[in-house]
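Working notes, beginning with the structure itself.
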Amino acid sequence: MMDCPFCQIARHQAPAQIVYEDDRTVAFLDINPVSRGHTLVIPKGHYPDLFELSPGDWQAVALTAQRVAKAIKAGLGAEGLNLLQSNGPVAGQVVFHFHLHLIPRYRGDGLRLGHRSPYREQDFPETARRIREAL
Ligand code: 5GP
Ligand code: ZN
């Protein structure tokens, strides 16, 4: 879809800190992270949500998510990780291109899911680099 922000990232037509990409999926840093290294995994194909997602692309997203989760753990020193995925406005979905959230957890992070703060400028590319290099 031309006006979908995540389709634009998948086509490299919008800037993103991409940490991993293959023929079916892209993983990139969330621009307003819940924690450092918060990553979104999307299928390159446009599906609004889980209800529309093809089984093959769900499988591809799941495989990418596990691979990138391990890299987040190794590259950023995360001790745990939450998977989150929202479908429909009532569930808090804001971008209507299917995406899976990988939310790294750090000891004592006191995280309440839903509270966000932006990256300090150079920490944004540096965080992506550490995950890429751990893949
Ligand atoms: P959801 O739809 O599951 O509520 O979350 C959408 C997520 O996408 C949010 O965490 C938001 O910060 C992130 N997001 C929205 N637009 C962009 C964008 O243009 N680039 C990146 N990297 N993340 C985005
Ligand atoms: Zn899209």
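Please note that chains go A, B, ... in the order of the structure tokens, that every chain numbers its residues from 1, and that ligands are numbered from 1 in the order shown.
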
Residues of chain A at most 7 Å from ligand 2: nearest atom pair and distance in Å, only C-alpha atoms and all ligand atoms, as JSON lines:
```
{"residue": "A:Met1", "atom": "CA", "partner": "ligand 2", "partner_atom_place_in_ligand_line": "1 (Zn)", "distance": 5.4}
{"residue": "A:Cys4", "atom": "CA", "partner": "ligand 2", "partner_atom_place_in_ligand_line": "1 (Zn)", "distance": 4.5}
{"residue": "A:Pro5", "atom": "CA", "partner": "ligand 2", "partner_atom_place_in_ligand_line": "1 (Zn)", "distance": 6.4}
{"residue": "A:Phe6", "atom": "CA", "partner": "ligand 2", "partner_atom_place_in_ligand_line": "1 (Zn)", "distance": 5.0}
{"residue": "A:Cys7", "atom": "CA", "partner": "ligand 2", "partner_atom_place_in_ligand_line": "1 (Zn)", "distance": 3.9}
{"residue": "A:Gly45", "atom": "CA", "partner": "ligand 2", "partner_atom_place_in_ligand_line": "1 (Zn)", "distance": 6.9}
{"residue": "A:His46", "atom": "CA", "partner": "ligand 2", "partner_atom_place_in_ligand_line": "1 (Zn)", "distance": 4.2}
{"residue": "A:Tyr47", "atom": "CA", "partner": "ligand 2", "partner_atom_place_in_ligand_line": "1 (Zn)", "distance": 6.6}
{"residue": "A:His97", "atom": "CA", "partner": "ligand 2", "partner_atom_place_in_ligand_line": "1 (Zn)", "distance": 4.6}
```

Emit the selected residues as a PDB file, in the first residue's frame, including N, CA, C and O atoms.
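Output contents, as saved in selection_13.pdb:
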```pdb
ATOM      1  N   MET A   1       0.845  -1.217   0.000  1.00  0.00           N
ATOM      2  CA  MET A   1       0.000   0.000   0.000  1.00  0.00           C
ATOM      3  C   MET A   1       0.865   1.246   0.000  1.00  0.00           C
ATOM      4  O   MET A   1       1.768   1.377   0.818  1.00  0.00           O
ATOM      5  N   CYS A   4       1.144   3.322   3.360  1.00  0.00           N
ATOM      6  CA  CYS A   4       1.387   2.597   4.612  1.00  0.00           C
ATOM      7  C   CYS A   4       2.840   2.817   5.053  1.00  0.00           C
ATOM      8  O   CYS A   4       3.767   2.517   4.300  1.00  0.00           O
ATOM      9  N   PRO A   5       3.057   3.326   6.269  1.00  0.00           N
ATOM     10  CA  PRO A   5       4.430   3.622   6.692  1.00  0.00           C
ATOM     11  C   PRO A   5       5.329   2.383   6.744  1.00  0.00           C
ATOM     12  O   PRO A   5       6.530   2.484   6.465  1.00  0.00           O
ATOM     13  N   PHE A   6       4.769   1.241   7.088  1.00  0.00           N
ATOM     14  CA  PHE A   6       5.612   0.046   7.190  1.00  0.00           C
ATOM     15  C   PHE A   6       5.888  -0.566   5.808  1.00  0.00           C
ATOM     16  O   PHE A   6       6.958  -1.149   5.598  1.00  0.00           O
ATOM     17  N   CYS A   7       4.980  -0.418   4.860  1.00  0.00           N
ATOM     18  CA  CYS A   7       5.286  -0.808   3.472  1.00  0.00           C
ATOM     19  C   CYS A   7       6.435   0.053   2.954  1.00  0.00           C
ATOM     20  O   CYS A   7       7.315  -0.439   2.241  1.00  0.00           O
ATOM     21  N   GLY A  45       4.915  -8.228   2.817  1.00  0.00           N
ATOM     22  CA  GLY A  45       3.567  -8.116   2.262  1.00  0.00           C
ATOM     23  C   GLY A  45       2.673  -7.329   3.208  1.00  0.00           C
ATOM     24  O   GLY A  45       2.859  -7.373   4.421  1.00  0.00           O
ATOM     25  N   HIS A  46       1.711  -6.597   2.645  1.00  0.00           N
ATOM     26  CA  HIS A  46       0.819  -5.781   3.480  1.00  0.00           C
ATOM     27  C   HIS A  46      -0.403  -6.585   3.927  1.00  0.00           C
ATOM     28  O   HIS A  46      -1.221  -7.000   3.107  1.00  0.00           O
ATOM     29  N   TYR A  47      -0.501  -6.779   5.236  1.00  0.00           N
ATOM     30  CA  TYR A  47      -1.703  -7.350   5.859  1.00  0.00           C
ATOM     31  C   TYR A  47      -2.027  -6.440   7.032  1.00  0.00           C
ATOM     32  O   TYR A  47      -1.134  -6.129   7.824  1.00  0.00           O
ATOM     33  N   HIS A  97      -0.427  -2.300   9.583  1.00  0.00           N
ATOM     34  CA  HIS A  97       0.379  -3.267   8.821  1.00  0.00           C
ATOM     35  C   HIS A  97       0.876  -4.219   9.906  1.00  0.00           C
ATOM     36  O   HIS A  97       1.562  -3.773  10.841  1.00  0.00           O
TER      37      HIS A  97
END
```

Listing only residues of chain A within 9 Å of ligand 1, what is the closest atom pair and its distance in Å (to one decimal) for each, using only C-alpha atoms and all ligand atoms, sorted by chain and residue number ascending, as a tab-separated table?
```
residue	atom	partner	partner_atom_place_in_ligand_line	distance
A:Pro5	CA	ligand 1	19 (O)	5.7
A:Phe6	CA	ligand 1	19 (O)	6.9
A:Gln8	CA	ligand 1	19 (O)	8.8
A:Ile9	CA	ligand 1	20 (N)	7.7
A:Ala14	CA	ligand 1	19 (O)	7.7
A:Pro15	CA	ligand 1	20 (N)	7.7
A:Ala16	CA	ligand 1	22 (N)	5.5
A:Gln17	CA	ligand 1	22 (N)	6.9
A:Ile18	CA	ligand 1	22 (N)	8.6
A:Phe28	CA	ligand 1	22 (N)	6.2
A:Leu29	CA	ligand 1	22 (N)	5.2
A:Asp30	CA	ligand 1	22 (N)	4.1
A:Ile31	CA	ligand 1	22 (N)	4.1
A:Asn32	CA	ligand 1	12 (O)	4.2
A:Pro33	CA	ligand 1	12 (O)	6.3
A:Val34	CA	ligand 1	10 (O)	7.7
A:His38	CA	ligand 1	10 (O)	8.4
A:Thr39	CA	ligand 1	22 (N)	8.2
A:Leu40	CA	ligand 1	8 (O)	7.4
A:Leu84	CA	ligand 1	3 (O)	7.7
A:Gln85	CA	ligand 1	3 (O)	6.0
A:Ser86	CA	ligand 1	3 (O)	5.0
A:Asn87	CA	ligand 1	3 (O)	7.5
A:Gly88	CA	ligand 1	2 (O)	8.4
A:Pro89	CA	ligand 1	4 (O)	8.3
A:Ala91	CA	ligand 1	4 (O)	8.0
A:Gly92	CA	ligand 1	4 (O)	5.1
A:Gln93	CA	ligand 1	2 (O)	3.6
A:Val94	CA	ligand 1	2 (O)	3.5
A:Val95	CA	ligand 1	2 (O)	4.0
A:Phe96	CA	ligand 1	2 (O)	6.4
A:His97	CA	ligand 1	2 (O)	7.9
A:Phe98	CA	ligand 1	2 (O)	8.1
A:His99	CA	ligand 1	3 (O)	6.7
A:Leu100	CA	ligand 1	3 (O)	7.4
A:His101	CA	ligand 1	3 (O)	7.1
A:Gly114	CA	ligand 1	10 (O)	8.9
A:Arg116	CA	ligand 1	12 (O)	8.3
```

From the DSSP assignment of the backbone, select every residue of chain A that is strand (DSSP E or B), and format the answer as a count of residues only.
-> 25

Going by DSSP on the backbone, which bits of stretch 47-116 of chain A are alpha helix (DSSP H)? Write them as a list in words, please.
-> Pro55, Gly56, Asp57, Trp58, Gln59, Ala60, Val61, Ala62, Leu63, Thr64, Ala65, Gln66, Arg67, Val68, Ala69, Lys70, Ala71, Ile72, Lys73, Ala74, Gly75 and Leu76 of chain A

Within 7 Å of A:Pro43 using only C-alpha atoms, minus same-chain residues under 2 positions, as a list in words | Arg24, Thr25, Val26, Gly45, Asp57 and Val61 of chain A

Can you work out which one of A:His115, A:Gly75, A:Leu102, A:Arg67 has the shortest atom-to-atom distance to A:Arg129, counting only C-alpha atoms?
->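 For A:Arg129, the nearest of the given residues is A:Gly75.
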
Nearest candidate to A:Glu21 (options A:Val90, A:Leu135, A:Leu83, A:Ala74; using only C-alpha atoms) = A:Leu135

If we count only C-alpha atoms, what is near A:Glu133 at a cut-off of 12 Å, once residues fewer than 6 positions away on the same chain are taken out, given as an mmCIF file with N, CA and C atoms, in the first residue's frame?
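Below you can see part04.cif, which holds the result:
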```
data_model
loop_
_atom_site.group_PDB
_atom_site.id
_atom_site.type_symbol
_atom_site.label_atom_id
_atom_site.label_comp_id
_atom_site.auth_asym_id
_atom_site.auth_seq_id
_atom_site.Cartn_x
_atom_site.Cartn_y
_atom_site.Cartn_z
ATOM 1 N N VAL A 19 17.507 -3.900 11.364
ATOM 2 C CA VAL A 19 18.511 -4.777 11.983
ATOM 3 C C VAL A 19 18.611 -6.114 11.257
ATOM 4 N N TYR A 20 17.548 -6.499 10.548
ATOM 5 C CA TYR A 20 17.572 -7.780 9.823
ATOM 6 C C TYR A 20 16.528 -7.712 8.710
ATOM 7 N N VAL A 68 16.009 -12.660 15.796
ATOM 8 C CA VAL A 68 16.357 -11.311 16.248
ATOM 9 C C VAL A 68 16.306 -11.227 17.780
ATOM 10 N N LYS A 70 17.220 -13.460 19.877
ATOM 11 C CA LYS A 70 18.507 -13.972 20.358
ATOM 12 C C LYS A 70 19.606 -12.927 20.183
ATOM 13 N N ALA A 71 19.544 -12.175 19.084
ATOM 14 C CA ALA A 71 20.543 -11.136 18.831
ATOM 15 C C ALA A 71 20.370 -9.960 19.791
ATOM 16 N N ILE A 72 19.134 -9.637 20.146
ATOM 17 C CA ILE A 72 18.882 -8.572 21.124
ATOM 18 C C ILE A 72 19.468 -8.982 22.473
ATOM 19 N N LYS A 73 19.259 -10.233 22.830
ATOM 20 C CA LYS A 73 19.783 -10.745 24.099
ATOM 21 C C LYS A 73 21.312 -10.672 24.104
ATOM 22 N N ALA A 74 21.923 -11.164 23.039
ATOM 23 C CA ALA A 74 23.391 -11.215 22.978
ATOM 24 C C ALA A 74 23.996 -9.831 22.770
ATOM 25 N N GLY A 75 23.385 -9.030 21.896
ATOM 26 C CA GLY A 75 23.986 -7.765 21.486
ATOM 27 C C GLY A 75 23.762 -6.631 22.456
ATOM 28 N N LEU A 76 22.665 -6.668 23.183
ATOM 29 C CA LEU A 76 22.333 -5.562 24.088
ATOM 30 C C LEU A 76 22.359 -5.973 25.549
ATOM 31 N N GLU A 126 23.295 3.248 17.015
ATOM 32 C CA GLU A 126 24.217 2.396 17.777
ATOM 33 C C GLU A 126 23.495 1.147 18.301
ATOM 34 N N THR A 127 22.258 1.323 18.738
ATOM 35 C CA THR A 127 21.482 0.193 19.245
ATOM 36 C C THR A 127 21.223 -0.804 18.124
#
```

Restricting the calculation to only C-alpha atoms, which member of A:Ser54, A:Arg107, A:Gln122, A:Arg130 is positioned closest to A:Ser35?
->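 Of all the options, A:Arg107 lies closest to A:Ser35.
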
With distances taken over only C-alpha atoms, which of A:Glu52, A:Arg36, A:Ala128, A:Val41 is nearest to A:Tyr106?
->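 Residue with the minimum atom-to-atom distance to A:Tyr106: A:Arg36.
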